Amino acid sequence: MIQEKANYKIYDALSAVMAVLIIFFSFPKLISGPQFIDGYYHLSCAQAFIKSGGWVGVDWWSVAPSLRPQLYPPVYHIIIAALKLLGFSGLTALGLTEFLIVPLFFLCFYFILRKQASPVIACYFLLLSMSFFSFFASISAFIPASLAIIFGMLSWYFSKIGKIVSAILFLGLSFYTHAAMSYIIFFSFIFTAIFNRTLRLSYLKIAGYSFLLAAPFLAHIIKNFGHISIALVEQAKSCRFSIFIIVLGISAVFSVLKKIPSNERFFFAGYSIAGLIIFFKYPFRFFSAQGILGFIYFGAYFLSDWQMRLAKKYKNAGGILSFIIIFFLHPTVDLNGAKAEINILNSTYINLASGISQDDVNFKTLYYPDMFDPLQKAVKEQTDEQDILSADSEFVAQILAALTGRLSAKSAFKEVDRRLSNPYSCAKVIVWAKDNAGRFSKIREKLKLRIILETETHYLFSNPNYSIRVVPLKSKISFKIIFALVLAFLIIFCVDILNLRKIFFRQLQSGNNSKSKK
C-alpha cells in the first residue's frame with residue numbers, strides 16, 4: 001500500500017472540502033429540472049409503469065399507438081415510480097434523484113478507496129473525477145449508468161471483504177439498472193479472475209451467479225434483440241479529453257503499475273478495456289463520462305506515488321500544489337466535429353462558478369417555463385391520459401409527454417427501433433416550432449389541422465380526425481411482486497453483511513451444548 005506512513009490529515013481535509021462543494025454544486029438540480037433529455041424519457045416510463053401496475057416489457061407509451069419491446073433496464077424507472085407513488089411530482093422526483101446521485105456516486109468511491117487503498121489515493125481520485133467537468137456533469141445526466149457503477153463498485157468492495165453473497169446481489173442488480181455498465185463491470189470480474197489465481201474461484205462465482213440473477217431480463221433482451229438499433233448519436237461528434245487524467249493514467253502504467261495490488265490493477269484494467277470495446281462508437285461516453293474511470297483510478301495512484309516522493313523533501317507542498325492546479329484548471333482538448341481546441345480553464349469549479357456550460361453536456365436545464373408551461377396547460381385541457389401527442393421535434397414531444405402524462409408518437413430513445421409510418425395522423429394534438437413552420441404546411445393541409453394555441457415559439461394544432469384511444473397494457477410483473485423482490489434483496493443482504501446466519505447457528509450450537517451438559 002502506497003504512503004502507509006503519510007500524514008493523512010491534510011488529505012482528509014481536502015476531501016471534506018471537495019465533498020461539501022460536490023453537494024453545493026448539486027443543489028440546483030432540486031429546482032432546475034432535468035439537464036438531459038434522458039430524464040424525461042425515464043419519467044414517461046415510470047408514469048407508464050404506474051398506469052400498467054408494474055413492469056410491462058412492452059413499450060406502449062412512447063411510439064403510440066405502435067408497440068415496441070421495453071428493453072431499458074427498469075431499476076431507475078421503478079425508483080421514480082416509487083417516488084411518485086409516495087406523492088412527489090414527476091419533476092420533483094427527477095430533481096431529487098439528480099441531486100442525490102452526484103454526492104452518492106463520489107462518496108461511494110471515496111469511502112471504498114479510502115478503506116481499501118489509502119486516504120491519499122481516495123483524495124486524488126475524488127480530485128481528478130470531480131474537477132473534470134464533463135465527467136461531473138455526466139453523473140446526473142446518465143443516472144442509470146451512474147447507479148450501475150455504484151452497484152458494481154459495491155459488488156467489488158464486498159468481494160474484497162469476503163461478502164460473496166452481497167457481491168453477487170449488487171452485480172446482479174447492476175444488470176437491471178444499465179446494460180452497458182453492467183457488462184463492463186461483469187467483464188472486469190472475469191478479467192481479474194483470468195489473471196489472478198487467488199481470486200479466480202470467488203470472482204468467477206460472483207460473475208456466474210450474478211449472471212444467473214440477471215438471466216430473466218437478459219432472456220427478454222435476447223428474445224427482442226432484432227429490435228435494437230445501434231446508431232451513432234450526437235455525442236459521437238463531440239468529445240472532451242482530460243489532459244491530466246489521460247496523461248496521469250498512462251504514466252501510471254509505466255511507473256507505478258506494479259505497486260498497485262493485482263486485484264485492483266486487473267479489475268480497473270478490465271474496466272478500461274471493456275469500456276473501450278462497448279463505447280467504441282460512443283467516444284464521448286468513454287473519454288468524457290463513465291468509461292474514463294479506469295484512467296482516473298490509475299492516475300490517482302500515480303499522483304499518490306509522486307506525492308510520496310516529494311514528501312521526503314517538501315512534505316505536503318507537492319500534494320497541495322497539484323490539488324490547486326487540477327482543481328482550478330483541469331485543461332481539456334475539446335473536439336467538436338472536425339474542430340479541436342485546447343481549453344485551459346475547464347474545471348468543474350470554473351464552469352459552475354462562472355456560469356459557463358458545455359453544449360454537448362447540456363448542464364443547463366432543458367425545462368423552460370415560458371416555453372413549456374402554456375403548451376403543457378393547453379395539452380392537458382385538450383387531451384386525456386389515453387390520447388397521443390406529437391411534435392416536429394422528438395425532444396419537445398418527449399418533454400411534453402413526460403410533463404403532461406400523455407402518450408407520444410415520437411420518442412427520444414433511439415436504441416430500440418420505432419416502426420411508425422406517420423407520427424402526426426395518429427396524434428390528437430401536434431406541437432410545431434414557428435421557425436420550422438414552412439415544411440409543416442403540407443401536413444397541416446392534408447390533416448386539416450386546427451390551430452388552438454400560438455405562443456412566441458410554437459403552434460399547437462388539434463387533429464379533427466383523431467379517433468384513437470390507447471388502453472394501458474397490464475403489467476407482467478406487478479408492483480407487489482417488485483416490492484417483494486426488493487424486500488427479499490434487503491433481507492438477504494442484511495443477513496450476509498451482518499453475519500446473522502453465523503450468529504444464528506452459533507447461538508443454536510451454544511444452546512445445544514448447554515442442553516447436552518445438563
# chains A, B, ... in the order shown; residues from 1 in each chain; ligands from 1

$ select_by_dssp --residues "stretch 42-194 of chain A" --states "strand (DSSP E or B)" --output "ChimeraX atom specification"
/A:54-55,58-59,68-69,132

$ closest_atom_pairs --of "stretch 74-148 of chain A" --to "stretch 37-40 of chain A" --cutoff "12 Å" --atoms "only C-alpha atoms" --output "tab-separated table"
residue	atom	partner	partner_atom	distance
A:Tyr76	CA	A:Gly39	CA	10.1
A:His77	CA	A:Gly39	CA	10.0
A:Ile80	CA	A:Gly39	CA	10.2
A:Gly90	CA	A:Tyr40	CA	9.1
A:Leu91	CA	A:Tyr40	CA	8.8
A:Thr92	CA	A:Gly39	CA	11.6
A:Ala93	CA	A:Gly39	CA	10.1
A:Leu94	CA	A:Gly39	CA	6.8
A:Gly95	CA	A:Gly39	CA	9.3
A:Leu96	CA	A:Gly39	CA	11.7
A:Thr97	CA	A:Gly39	CA	10.0
A:Glu98	CA	A:Gly39	CA	9.0
A:Ser138	CA	A:Asp38	CA	11.5
A:Ser140	CA	A:Gly39	CA	9.4
A:Ala141	CA	A:Asp38	CA	7.4
A:Phe142	CA	A:Asp38	CA	7.3
A:Ile143	CA	A:Gly39	CA	8.4
A:Pro144	CA	A:Asp38	CA	9.8
A:Ala145	CA	A:Asp38	CA	11.4

$ write_last_selection --atoms "all heavy atoms" --output "compact mmCIF listing (two decimals), in the first residue's frame"
# COMPACT_ATOMS: atom_id res chain seq x y z
N TYR A 76 -34.20 2.26 -12.43
CA TYR A 76 -34.41 3.69 -12.24
C TYR A 76 -35.87 4.08 -12.44
O TYR A 76 -36.40 4.95 -11.74
CB TYR A 76 -33.50 4.49 -13.19
CG TYR A 76 -33.58 5.99 -12.98
CD1 TYR A 76 -33.53 6.54 -11.70
CD2 TYR A 76 -33.69 6.86 -14.07
CE1 TYR A 76 -33.59 7.92 -11.51
CE2 TYR A 76 -33.74 8.23 -13.88
CZ TYR A 76 -33.70 8.75 -12.61
OH TYR A 76 -33.76 10.11 -12.42
N HIS A 77 -36.53 3.44 -13.39
CA HIS A 77 -37.95 3.72 -13.62
C HIS A 77 -38.78 3.35 -12.39
O HIS A 77 -39.72 4.05 -12.01
CB HIS A 77 -38.45 2.95 -14.84
CG HIS A 77 -37.67 3.22 -16.07
ND1 HIS A 77 -37.54 2.30 -17.09
CD2 HIS A 77 -36.94 4.31 -16.44
CE1 HIS A 77 -36.78 2.81 -18.05
NE2 HIS A 77 -36.40 4.02 -17.68
N ILE A 80 -38.28 6.07 -9.69
CA ILE A 80 -39.10 7.26 -9.95
C ILE A 80 -40.58 6.96 -9.69
O ILE A 80 -41.30 7.78 -9.09
CB ILE A 80 -38.92 7.74 -11.41
CG1 ILE A 80 -37.47 8.12 -11.66
CG2 ILE A 80 -39.83 8.94 -11.69
CD1 ILE A 80 -37.18 8.48 -13.10
N GLY A 90 -43.55 14.55 -10.81
CA GLY A 90 -42.56 13.97 -11.69
C GLY A 90 -41.26 14.75 -11.72
O GLY A 90 -40.18 14.18 -11.60
N LEU A 91 -41.34 16.09 -11.86
CA LEU A 91 -40.14 16.91 -11.91
C LEU A 91 -39.40 16.89 -10.58
O LEU A 91 -38.16 16.90 -10.54
CB LEU A 91 -40.50 18.35 -12.29
CG LEU A 91 -40.80 18.61 -13.76
CD1 LEU A 91 -41.15 20.07 -13.98
CD2 LEU A 91 -39.64 18.21 -14.65
N THR A 92 -40.15 16.85 -9.48
CA THR A 92 -39.51 16.78 -8.16
C THR A 92 -38.77 15.46 -7.99
O THR A 92 -37.65 15.42 -7.46
CB THR A 92 -40.54 16.94 -7.04
OG1 THR A 92 -41.21 18.20 -7.19
CG2 THR A 92 -39.88 16.90 -5.67
N ALA A 93 -39.38 14.36 -8.45
CA ALA A 93 -38.74 13.04 -8.36
C ALA A 93 -37.44 13.03 -9.17
O ALA A 93 -36.41 12.52 -8.70
CB ALA A 93 -39.69 11.96 -8.87
N LEU A 94 -37.47 13.61 -10.38
CA LEU A 94 -36.26 13.67 -11.19
C LEU A 94 -35.20 14.56 -10.54
O LEU A 94 -34.03 14.21 -10.48
CB LEU A 94 -36.59 14.21 -12.59
CG LEU A 94 -37.39 13.30 -13.52
CD1 LEU A 94 -37.68 14.02 -14.83
CD2 LEU A 94 -36.65 12.00 -13.78
N GLY A 95 -35.64 15.72 -10.03
CA GLY A 95 -34.69 16.63 -9.39
C GLY A 95 -34.06 16.02 -8.16
O GLY A 95 -32.85 16.19 -7.92
N LEU A 96 -34.86 15.29 -7.38
CA LEU A 96 -34.34 14.66 -6.17
C LEU A 96 -33.28 13.62 -6.51
O LEU A 96 -32.22 13.55 -5.87
CB LEU A 96 -35.49 14.03 -5.39
CG LEU A 96 -35.18 13.51 -3.99
CD1 LEU A 96 -34.72 14.65 -3.09
CD2 LEU A 96 -36.42 12.83 -3.39
N THR A 97 -33.56 12.79 -7.52
CA THR A 97 -32.58 11.75 -7.88
C THR A 97 -31.34 12.36 -8.52
O THR A 97 -30.22 11.90 -8.28
CB THR A 97 -33.21 10.72 -8.85
OG1 THR A 97 -33.74 11.40 -10.00
CG2 THR A 97 -34.32 9.95 -8.17
N GLU A 98 -31.50 13.42 -9.33
CA GLU A 98 -30.34 14.05 -9.95
C GLU A 98 -29.48 14.76 -8.91
O GLU A 98 -28.26 14.87 -9.06
CB GLU A 98 -30.78 15.04 -11.04
CG GLU A 98 -31.32 14.35 -12.28
CD GLU A 98 -31.37 15.28 -13.50
OE1 GLU A 98 -30.97 16.46 -13.36
OE2 GLU A 98 -31.81 14.82 -14.57
N SER A 138 -21.84 14.36 -16.24
CA SER A 138 -22.41 13.10 -16.74
C SER A 138 -23.02 12.25 -15.64
O SER A 138 -23.87 11.40 -15.92
CB SER A 138 -21.32 12.29 -17.47
OG SER A 138 -20.41 11.70 -16.55
N SER A 140 -25.10 13.04 -13.20
CA SER A 140 -26.55 13.27 -13.09
C SER A 140 -27.24 13.23 -14.44
O SER A 140 -28.46 13.06 -14.50
CB SER A 140 -26.82 14.63 -12.40
OG SER A 140 -26.22 15.68 -13.11
N ALA A 141 -26.49 13.39 -15.53
CA ALA A 141 -27.09 13.31 -16.86
C ALA A 141 -27.47 11.87 -17.22
O ALA A 141 -28.48 11.64 -17.88
CB ALA A 141 -26.13 13.87 -17.91
N PHE A 142 -26.67 10.91 -16.76
CA PHE A 142 -26.90 9.49 -17.08
C PHE A 142 -27.06 8.71 -15.76
O PHE A 142 -26.20 7.90 -15.39
CB PHE A 142 -25.75 8.93 -17.90
CG PHE A 142 -25.39 9.77 -19.09
CD1 PHE A 142 -24.16 10.42 -19.16
CD2 PHE A 142 -26.27 9.92 -20.14
CE1 PHE A 142 -23.82 11.20 -20.26
CE2 PHE A 142 -25.93 10.70 -21.25
CZ PHE A 142 -24.72 11.34 -21.31
N ILE A 143 -28.17 8.94 -15.08
CA ILE A 143 -28.35 8.37 -13.74
C ILE A 143 -28.34 6.84 -13.74
O ILE A 143 -27.68 6.24 -12.87
CB ILE A 143 -29.64 8.91 -13.09
CG1 ILE A 143 -29.44 10.39 -12.74
CG2 ILE A 143 -30.00 8.12 -11.83
CD1 ILE A 143 -30.61 11.02 -12.03
N PRO A 144 -29.03 6.14 -14.64
CA PRO A 144 -28.96 4.67 -14.60
C PRO A 144 -27.53 4.15 -14.72
O PRO A 144 -27.16 3.19 -14.02
CB PRO A 144 -29.82 4.24 -15.80
CG PRO A 144 -30.79 5.36 -15.98
CD PRO A 144 -30.01 6.60 -15.65
N ALA A 145 -26.72 4.76 -15.58
CA ALA A 145 -25.32 4.35 -15.71
C ALA A 145 -24.57 4.60 -14.40
O ALA A 145 -23.77 3.76 -13.96
CB ALA A 145 -24.65 5.09 -16.86

$ atom_distance --atom1 "atom CA of A:Leu21" --atom2 "atom CA of A:Ser131"
10.5 Å

$ residues_around --residues "A:Ile112" --least-positions-apart "6" --cutoff "9 Å" --atoms "only C-alpha atoms" --output "list in words"
Ala122, Met153, Leu154 and Tyr157 of chain A

$ write_last_selection --atoms "N, CA, C and O atoms" --output "mmCIF file, in the first residue's frame"
data_model
loop_
_atom_site.group_PDB
_atom_site.id
_atom_site.type_symbol
_atom_site.label_atom_id
_atom_site.label_comp_id
_atom_site.auth_asym_id
_atom_site.auth_seq_id
_atom_site.Cartn_x
_atom_site.Cartn_y
_atom_site.Cartn_z
ATOM 1 N N ALA A 122 -7.624 8.021 -2.291
ATOM 2 C CA ALA A 122 -9.043 8.374 -2.346
ATOM 3 C C ALA A 122 -9.229 9.859 -2.624
ATOM 4 O O ALA A 122 -10.101 10.267 -3.389
ATOM 5 N N MET A 153 -19.358 -1.082 -8.021
ATOM 6 C CA MET A 153 -18.292 -0.811 -7.051
ATOM 7 C C MET A 153 -18.597 -1.450 -5.695
ATOM 8 O O MET A 153 -17.697 -1.947 -5.013
ATOM 9 N N LEU A 154 -19.856 -1.433 -5.296
ATOM 10 C CA LEU A 154 -20.237 -2.101 -4.052
ATOM 11 C C LEU A 154 -20.000 -3.601 -4.161
ATOM 12 O O LEU A 154 -19.542 -4.239 -3.205
ATOM 13 N N TYR A 157 -16.319 -4.080 -3.793
ATOM 14 C CA TYR A 157 -15.925 -3.874 -2.393
ATOM 15 C C TYR A 157 -16.302 -5.078 -1.531
ATOM 16 O O TYR A 157 -15.484 -5.571 -0.739
#

$ atom_distance --atom1 "atom CA of A:Gly337" --atom2 "atom CA of A:Lys281"
14.2 Å

$ residues_around --residues "A:Pro423" --least-positions-apart "3" --cutoff "10 Å" --atoms "only C-alpha atoms" --output "ChimeraX atom specification"
/A:63-66,388-392,408-410,419-420,426-427,430

$ closest_atom_pairs --of "stretch 95-160 of chain A" --to "stretch 186-196 of chain A" --cutoff "12 Å" --atoms "only C-alpha atoms" --output "tab-separated table"
residue	atom	partner	partner_atom	distance
A:Ala148	CA	A:Phe186	CA	11.1
A:Ile149	CA	A:Phe186	CA	10.9
A:Phe151	CA	A:Phe186	CA	11.4
A:Gly152	CA	A:Phe186	CA	8.3
A:Met153	CA	A:Ser188	CA	10.8
A:Ser155	CA	A:Phe189	CA	9.8
A:Trp156	CA	A:Phe189	CA	8.2
A:Tyr157	CA	A:Phe189	CA	11.8
A:Ser159	CA	A:Phe189	CA	9.9
A:Lys160	CA	A:Phe189	CA	11.7

$ residues_around --residues "A:Ser229" --least-positions-apart "4" --cutoff "9 Å" --atoms "only C-alpha atoms" --output "MDAnalysis selection string"
chainID A and resid 414:417

$ residues_around --residues "A:Ile222" --least-positions-apart "6" --cutoff "12 Å" --atoms "only C-alpha atoms" --output "list in words"
Pro69, Leu71, Ala215, Pro216 and Ile228 of chain A

$ select_by_dssp --residues "stretch 284-492 of chain A" --states "alpha helix (DSSP H)" --output "VMD selection string"
chain A and resid 293 to 314 317 to 328 348 to 354 369 to 382 394 to 404 441 to 447 479 to 492

$ residues_around --residues "A:Asn346" --least-positions-apart "5" --cutoff "10 Å" --atoms "only C-alpha atoms" --output "list in words"
Ser131, Phe132, Phe133, Ser134, Arg240, Ser242, Ile326, Phe327, Phe328, Leu329, His330, Pro331, Thr332, Val333, Asp334, Asn351, Leu352, Ile356, Ser357 and Gln358 of chain A

$ write_last_selection --atoms "C-alpha atoms" --output "compact mmCIF listing (two decimals), in the first residue's frame"
# COMPACT_ATOMS: atom_id res chain seq x y z
CA SER A 131 -12.79 18.53 -11.21
CA PHE A 132 -13.32 17.09 -14.74
CA PHE A 133 -16.49 19.00 -15.60
CA SER A 134 -17.65 16.74 -18.40
CA ARG A 240 -13.83 16.29 -24.06
CA SER A 242 -8.98 15.49 -19.92
CA ILE A 326 -6.00 20.28 -11.04
CA PHE A 327 -8.96 21.67 -9.09
CA PHE A 328 -8.90 25.15 -10.64
CA LEU A 329 -7.56 24.45 -14.14
CA HIS A 330 -8.20 20.90 -15.38
CA PRO A 331 -7.49 21.69 -19.06
CA THR A 332 -9.11 19.66 -21.82
CA VAL A 333 -8.84 19.08 -25.53
CA ASP A 334 -12.32 19.76 -26.87
CA ASN A 351 -17.57 26.13 -15.26
CA LEU A 352 -20.08 26.34 -12.42
CA ILE A 356 -20.14 28.56 -18.20
CA SER A 357 -21.66 25.34 -19.55
CA GLN A 358 -20.63 22.93 -22.30

$ closest_residue --among "A:Gly275, A:Gly226, A:Gly172, A:Gly249" --to "A:Ala214" --atoms "only C-alpha atoms"
A:Gly172

$ atom_distance --atom1 "atom CA of A:Gly33" --atom2 "atom CA of A:Tyr367"
5.9 Å
